[in-house]
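Undergrad: Questions regarding the structure given below will be posed in turn.
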Amino acid sequence: MTIKTIQTKPFQDQRPGTSGLRKKTRIFMQEHYLENFVQAVFNAVKADADPPAQTLVVGGDGRYYNRSAVQIILRMASANGWGRVLVGRSGILSTPAMSAVIRRRKALGGLVLSASHNPGGIDEDFGIKYNIANGGPAPEKLTERIYQETLRIQEYFTVDHTDVDLDREAEHHVGGTGILIIDSLSDYTAVMEELFDFGSLRKLFESGFRMAFDAMNGVTGPYAVHILEEIAGAPQGTVLRGTPLEDFGGHHPDPNLVYAAELVQLMSSSSAPDFGAACDGDGDRNMILGKNFFVTPGDSLAILAEHATKIPGYSGGLAGVARSMPTSMAVDRVAKELGVPAYETPTGWKFFGNLMDAGMCTLCGEESFGTGSNHVREKDGLWAVLAWLSVLASVQRPVSEIVTDHWKRFGRSYYQRHDHEKLNAGAASEMISNIRQRLLLLEGTDFAGSKIVLADDFQYVDPVDGSISKNQGIRILLDDSSRIVCRLSGTGTEGATLRIYLERYLKDGGVRDISEVLSALKAEATKLLELVRYFGTDVPDVIT
Ligand code: G1P
Ligand code: ZN
């Protein structure tokens with residue numbers, strides 16, 4: 001088969017963010033746009049590997065353009081001499097399933113087609129991300145190399161070949177490259193079966209326990225139907241919105257109190273089941289609910305750490321835990337009690353991967369509805385649901401009591417994230433650099449009735465490889481273990497998004513109105529950051 005060399009020119013906007021390259025779908029559909037990026041990835045990974053001997057995995061969350069992108073990638077993978085490409089059937093692989101496939105099949109890497117929890121459709125978002133052999137997102141060094149390749153690209157390689165039938169499991173050949181269409185569910189399911197006791201989950205459902213799982217028309221629908229209904233024995237109909245749709249039914253497939261409103265409503269109704277959960281578009285995020293009860297992601301991580309040894313896959317205990325810097329410090333208190341290290345990393349999952357590869361960390365999570373463990377190198381929504389189910393099966397108490405018991409034992413971090421979206425990017429970066437310059441002066445001053453003990457721009461030194469990540473967010477820590485954190489999003493596609501994280505710690509962590517507990521912190525943060533001066537308002541667009 002003849003390899004075609006296509007002349008192209010660099011686009012200047014292909015710097016991958018914390019979760020790959022994410023843009024409006026129409027940008028990706030421009031001539032050469034996706035091709036340039038894919039070639040840049042291949043050029044960058046070819047520098048250290050020999051693709052003919054190697055396997056690439058391809059799959060995505062099923063959003064608009066997923067299928068076309070898979071076909072483009074297959075032709076380019078063939079022209080670039082990859083030995084084998086594994087593709088999830090219908091082009092579908094959840095992000096954690098991609099991680100599982102890469103690891104189990106010893107692939108060199110994988111291309112994930114997703115914009116995660118962002119809406120899908122021709123006028124919405126698309127994305128692509130390269131994951132490395134450990135199953136996790138490319139480290140910063142590699143993403144930088146990919147970006148540099150996008151800036152100097154002059155040509156890419158492809159072949160003339162008809163579309164491969166993605167809908168049946170079969171083996172094809174495109175030039176010298178073997179293309180294997182694989183079952184999207186089986187590798188991931190096998191990993192779950194190693195970790196969880198499905199017999200005890202079956203007993204739980206047999207005893208009359210009920211749950212509702214909202215797949216938000218994202219990729220987890222088929223995984224959840226198979227694992228929750230077919231294997232764990234949850235009744236049919238447990239999985240809601242289980243069909244993956246190219247536009248997620250026109251919704252934001254983002255599992256939080258705002259975008260999963262129907263599930264939230266069900267869980268607070270008189271017919272609420274015992275347990276509720278939702279996952280995002282590509283299946284890596286999760287939200288956990290009890291009857292009329294919301295479990296914050298920070299508490300969820302802390303509680304899973306507290307009860308981890310009740311889950312077969314973690315019965316030997318935890319090597320350590322990790323959280324991203326803005327995530328509430330609840331899990332640190334559990335780690336202290338367990339006598340295991342707690343790591344604080346920058347935002348973005350890739351930092352956890354190094355700790356896990358080095359055997360230093362077992363559980364990790366982020367405030368943005370991401371929870372996971374060392375079974376893969378991505379956050380994993382359905383895993384979190386199964387972990388909670390296992391804890392519920394073992395403890396035999398309602399979700400709300402498990403959480404309030406946790407607060408009694410460890411105290412509580414009252415926590416909110418305030419997002420200010422679509423801001424003028426110039427104003428946003430000016431605001432951040434302004435506060436950065438004033439940080440040193442803040443230490444020792446009063447803030448919302450407490451004293452500031454630390455004010456800095458978070459810098460992370462990776463304990464495994466010594467690499468340094470600077471400017472990872474402004475943090476202002478108070479003497480009563482309360483904090484405000486503020487940073488700019490690395491994943492938005494329109495203007496800038498400012499995230500302000502408010503956290504107040506109280507030792508007697510009862511049920512209180514969170515906004516009230518946080519109101520003094522919010523008022524001080526508004527003043528300190530001069531929100532009104534920079535953006536004309538201090539009212540956030542989304543509170544989670
Ligand atoms: C957001 C979340 C972050 C997560 C990332 C990818 O990034 O805050 O925790 O890792 O999405 O899902 P941000 O937009 O804040 O840069
Ligand atoms: Zn996601």
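Within each chain, counting starts at residue 1; across the structure tokens, chains are named A, B, ... in the order shown, with ligands numbered 1 upward in that order.
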With a distance cut-off of 8 Å and only C-alpha atoms, select the neighbouring residues of segment 190-207 of chain A, excluding the residue or stretch itself and same-chain residues fewer than 5 positions from it, and output the selection as a PyMOL selection string.
TA: chain A and resi 100+231-235+311-314+375+383+386-387+389-390+393
Undergrad: Within 8 Å of ligand 1, counting only C-alpha atoms and all ligand atoms: which residues, as an MDAnalysis selection string?
TA: chainID A and resid 17:19 116:117 284:285 324 347:349 366:370 487:492 497 499
Undergrad: Which residues sit within 9 Å of ligand 2, counting only C-alpha atoms and all ligand atoms, listed as a ChimeraX atom specification?
TA: /A:19,94-95,114-118,253-254,279-286,370,379-381
Undergrad: Using N, CA, C and O atoms, can you export the residues from the last selection as an mmCIF file, in the first residue's frame?
TA:
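Written file, part20.cif:
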```
data_model
loop_
_atom_site.group_PDB
_atom_site.id
_atom_site.type_symbol
_atom_site.label_atom_id
_atom_site.label_comp_id
_atom_site.auth_asym_id
_atom_site.auth_seq_id
_atom_site.Cartn_x
_atom_site.Cartn_y
_atom_site.Cartn_z
ATOM 1 N N SER A 19 -5.643 17.802 30.109
ATOM 2 C CA SER A 19 -6.268 16.562 29.636
ATOM 3 C C SER A 19 -6.239 16.483 28.119
ATOM 4 O O SER A 19 -7.249 16.220 27.486
ATOM 5 N N SER A 94 -14.208 3.766 27.385
ATOM 6 C CA SER A 94 -14.212 4.801 28.416
ATOM 7 C C SER A 94 -12.753 5.117 28.729
ATOM 8 O O SER A 94 -11.852 4.315 28.447
ATOM 9 N N THR A 95 -12.515 6.266 29.330
ATOM 10 C CA THR A 95 -11.133 6.641 29.630
ATOM 11 C C THR A 95 -10.470 5.632 30.577
ATOM 12 O O THR A 95 -9.354 5.178 30.311
ATOM 13 N N SER A 114 -12.015 12.335 23.363
ATOM 14 C CA SER A 114 -13.015 12.770 24.336
ATOM 15 C C SER A 114 -12.756 14.212 24.716
ATOM 16 O O SER A 114 -11.631 14.691 24.638
ATOM 17 N N ALA A 115 -13.820 14.895 25.113
ATOM 18 C CA ALA A 115 -13.633 16.166 25.806
ATOM 19 C C ALA A 115 -14.286 16.025 27.176
ATOM 20 O O ALA A 115 -14.902 16.951 27.699
ATOM 21 N N SER A 116 -14.184 14.781 27.700
ATOM 22 C CA SER A 116 -14.616 14.476 29.067
ATOM 23 C C SER A 116 -16.058 14.872 29.352
ATOM 24 O O SER A 116 -16.975 14.398 28.694
ATOM 25 N N HIS A 117 -16.241 15.797 30.256
ATOM 26 C CA HIS A 117 -17.573 16.204 30.714
ATOM 27 C C HIS A 117 -18.109 17.380 29.909
ATOM 28 O O HIS A 117 -19.203 17.867 30.185
ATOM 29 N N ASN A 118 -17.342 17.871 28.917
ATOM 30 C CA ASN A 118 -17.842 18.980 28.100
ATOM 31 C C ASN A 118 -18.911 18.466 27.137
ATOM 32 O O ASN A 118 -18.842 17.336 26.687
ATOM 33 N N PRO A 253 -22.505 16.347 30.053
ATOM 34 C CA PRO A 253 -22.386 15.058 30.737
ATOM 35 C C PRO A 253 -21.423 15.161 31.923
ATOM 36 O O PRO A 253 -20.374 14.528 31.949
ATOM 37 N N ASP A 254 -21.795 15.974 32.888
ATOM 38 C CA ASP A 254 -20.898 16.284 34.002
ATOM 39 C C ASP A 254 -21.624 15.976 35.306
ATOM 40 O O ASP A 254 -22.638 16.616 35.627
ATOM 41 N N CYS A 279 -21.820 9.223 36.291
ATOM 42 C CA CYS A 279 -20.473 9.368 35.710
ATOM 43 C C CYS A 279 -20.522 10.361 34.560
ATOM 44 O O CYS A 279 -21.584 10.630 34.009
ATOM 45 N N ASP A 280 -19.367 10.870 34.189
ATOM 46 C CA ASP A 280 -19.322 11.873 33.120
ATOM 47 C C ASP A 280 -19.202 11.229 31.742
ATOM 48 O O ASP A 280 -19.206 10.008 31.606
ATOM 49 N N GLY A 281 -19.088 12.075 30.713
ATOM 50 C CA GLY A 281 -19.089 11.638 29.317
ATOM 51 C C GLY A 281 -18.128 10.501 29.027
ATOM 52 O O GLY A 281 -18.487 9.528 28.376
ATOM 53 N N ASP A 282 -16.890 10.597 29.522
ATOM 54 C CA ASP A 282 -15.894 9.571 29.199
ATOM 55 C C ASP A 282 -15.676 8.593 30.342
ATOM 56 O O ASP A 282 -14.778 7.755 30.275
ATOM 57 N N GLY A 283 -16.477 8.725 31.404
ATOM 58 C CA GLY A 283 -16.489 7.676 32.429
ATOM 59 C C GLY A 283 -15.425 7.763 33.497
ATOM 60 O O GLY A 283 -15.240 6.824 34.267
ATOM 61 N N ASP A 284 -14.704 8.880 33.568
ATOM 62 C CA ASP A 284 -13.692 8.918 34.621
ATOM 63 C C ASP A 284 -14.154 9.667 35.876
ATOM 64 O O ASP A 284 -13.587 9.491 36.939
ATOM 65 N N ARG A 285 -15.190 10.484 35.767
ATOM 66 C CA ARG A 285 -15.665 11.207 36.950
ATOM 67 C C ARG A 285 -16.848 10.495 37.587
ATOM 68 O O ARG A 285 -17.570 9.763 36.912
ATOM 69 N N ASN A 286 -17.085 10.773 38.851
ATOM 70 C CA ASN A 286 -18.233 10.188 39.531
ATOM 71 C C ASN A 286 -18.825 11.143 40.540
ATOM 72 O O ASN A 286 -18.137 11.974 41.114
ATOM 73 N N GLY A 370 -13.285 13.318 40.711
ATOM 74 C CA GLY A 370 -12.392 12.270 40.234
ATOM 75 C C GLY A 370 -11.860 11.467 41.411
ATOM 76 O O GLY A 370 -11.347 12.040 42.373
ATOM 77 N N LYS A 379 -8.501 8.401 36.536
ATOM 78 C CA LYS A 379 -9.583 8.324 37.505
ATOM 79 C C LYS A 379 -10.657 7.427 36.922
ATOM 80 O O LYS A 379 -10.729 7.229 35.704
ATOM 81 N N ASP A 380 -11.481 6.886 37.786
ATOM 82 C CA ASP A 380 -12.366 5.832 37.311
ATOM 83 C C ASP A 380 -13.717 5.928 38.010
ATOM 84 O O ASP A 380 -13.863 5.556 39.171
ATOM 85 N N GLY A 381 -14.711 6.425 37.248
ATOM 86 C CA GLY A 381 -16.036 6.668 37.817
ATOM 87 C C GLY A 381 -16.735 5.410 38.307
ATOM 88 O O GLY A 381 -17.214 5.351 39.442
#
```
Undergrad: For the structure I just gave you, how does DSSP split segment 108-348 of chain A - specifically, which residues are strand (DSSP E or B)? Reply as number ranges by chain.
TA: A: 109-113, 125-131, 137, 155-159, 171-174, 177-182, 211-214, 239-240, 275-279, 285-290, 293-295, 321-324, 342-345
Undergrad: Interatomic distance between atom CA of Gly176 of chain A and atom CA of Thr55 of chain A?
TA: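 About the pair atom CA of Gly176 of chain A and atom CA of Thr55 of chain A: they are 12.8 Å apart.
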Undergrad: Apply DSSP to the structure's backbone, then extract all residues of segment 24-140 of chain A labelled helix (DSSP H, G or I) and return them as a PyMOL selection string.
TA: chain A and resi 25-29+33-46+51-53+66-79+95-104+140
Undergrad: Tell me which protein, DNA and RNA residues are within 10 Å of Ala97 of chain A, counting only C-alpha atoms, leaving out same-chain ones fewer than 4 positions away, and put them as a list of chain:residue names.
TA: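 These residues fall inside the cut-off: A:Gly59, A:Gly60, A:Gly88, A:Ile92, A:Leu93, A:Val101, A:Ile102, A:Arg103, A:Gly135, A:Ser184, A:Leu185, A:Ser186, A:Asp187, A:Tyr188, A:Thr189, A:Val191, A:Thr220, A:Tyr223, A:Asp282, A:Gly283, A:Asp284, A:Val376, A:Glu378, A:Asp380.
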Undergrad: My list of candidates is A:Thr526, A:Ser271, A:Thr544, A:Ser469. Which is closest to Asn292 of chain A when distances are computed with only C-alpha atoms?
TA: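 For Asn292 of chain A, the nearest of the candidates is A:Ser271.
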Undergrad: Which polymer residues have any atom within 12 Å of an atom of Met287 of chain A, counting only C-alpha atoms, with same-chain residues fewer than 6 positions away left out, as a ChimeraX atom specification?
TA: /A:212-216,253-261,263-264,275-280,293-301,366-371,380-385,388,544
Undergrad: If I take atom CA of Val239 of chain A and atom CA of Ser99 of chain A, how far is one from the other in Å, to one decimal?
TA: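 So the answer is 23.2 Å.
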Undergrad: From the list A:Val164, A:Val45, A:Thr143, A:Leu289, which residue is nearest Ser68 of chain A when using only C-alpha atoms?
TA: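 Using only C-alpha atoms, Ser68 of chain A sits closest to A:Val164.
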Undergrad: Between A:Lys23, A:Lys129, A:Lys4, A:Arg483, single out the one closest to Arg504 of chain A, counting only C-alpha atoms.
TA: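 Checking each candidate against Arg504 of chain A, we get A:Arg483 as the closest.
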Undergrad: Show me, as an MDAnalysis selection string, the residues that have an atom within 10 Å of Leu142 of chain A when counting only C-alpha atoms, minus same-chain residues fewer than 3 positions from it.
TA: chainID A and resid 41 44:45 130 132 137:139 145:148
Undergrad: Would you mind exporting the chosen residues as a PDB file, in the first residue's frame, restricted to C-alpha atoms?
TA:
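Contents of part.pdb, freshly written:
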```pdb
ATOM      1  CA  VAL A  41       2.080  12.560  18.703  1.00  0.00           C
ATOM      2  CA  ALA A  44       7.093  12.528  19.525  1.00  0.00           C
ATOM      3  CA  VAL A  45       6.626   8.933  20.627  1.00  0.00           C
ATOM      4  CA  TYR A 130      -2.266  10.521  24.325  1.00  0.00           C
ATOM      5  CA  ILE A 132       1.529   6.246  27.728  1.00  0.00           C
ATOM      6  CA  PRO A 137      -1.888  10.634  30.524  1.00  0.00           C
ATOM      7  CA  ALA A 138       1.405  11.691  28.943  1.00  0.00           C
ATOM      8  CA  PRO A 139       3.769  13.389  31.404  1.00  0.00           C
ATOM      9  CA  ARG A 145       7.526  17.435  22.945  1.00  0.00           C
ATOM     10  CA  ILE A 146       4.189  16.849  21.206  1.00  0.00           C
ATOM     11  CA  TYR A 147       3.498  20.576  21.278  1.00  0.00           C
ATOM     12  CA  GLN A 148       6.913  21.355  19.799  1.00  0.00           C
TER      13      GLN A 148
END
```
Undergrad: So which one's closest to Ile500 of chain A, A:Tyr415, A:Phe37, A:Tyr534, A:Trp82? Using only C-alpha atoms, please.
TA: A:Tyr415
Undergrad: Using only C-alpha atoms, which residues sit within 12 Å of Ala428 of chain A once same-chain residues fewer than 6 positions away are excluded, as JSON, numbers by chain?
TA: {"A": [420, 421, 422, 434, 435, 486, 487, 488, 489, 495, 496, 497, 498, 499, 529, 530, 531, 532, 533, 534, 535, 536]}
Undergrad: Choose the residue, out of A:Gln396, A:Gln30, A:Ser90, A:Gln14, that has the smallest atom-to-atom separation from Pro244 of chain A; count only C-alpha atoms.
TA: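 The shortest atom-to-atom distance to Pro244 of chain A comes from A:Ser90.
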Undergrad: Measuring atom to atom with only C-alpha atoms, identify which of A:Pro222, A:Gly449, A:Gly444, A:Gly136 is nearest to Asn374 of chain A.
TA: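 Of all the options, A:Gly136 lies closest to Asn374 of chain A.
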Undergrad: Write out as a list in words which residues come within 10 Å of Phe410 of chain A when counting only C-alpha atoms, dropping same-chain ones fewer than 4 positions away.
TA: Ala302, Ala330, Val331, Arg333, Val334, Glu337, Thr404, Asp405, His406, Leu506, Lys507, Asp508 and Gly509 of chain A
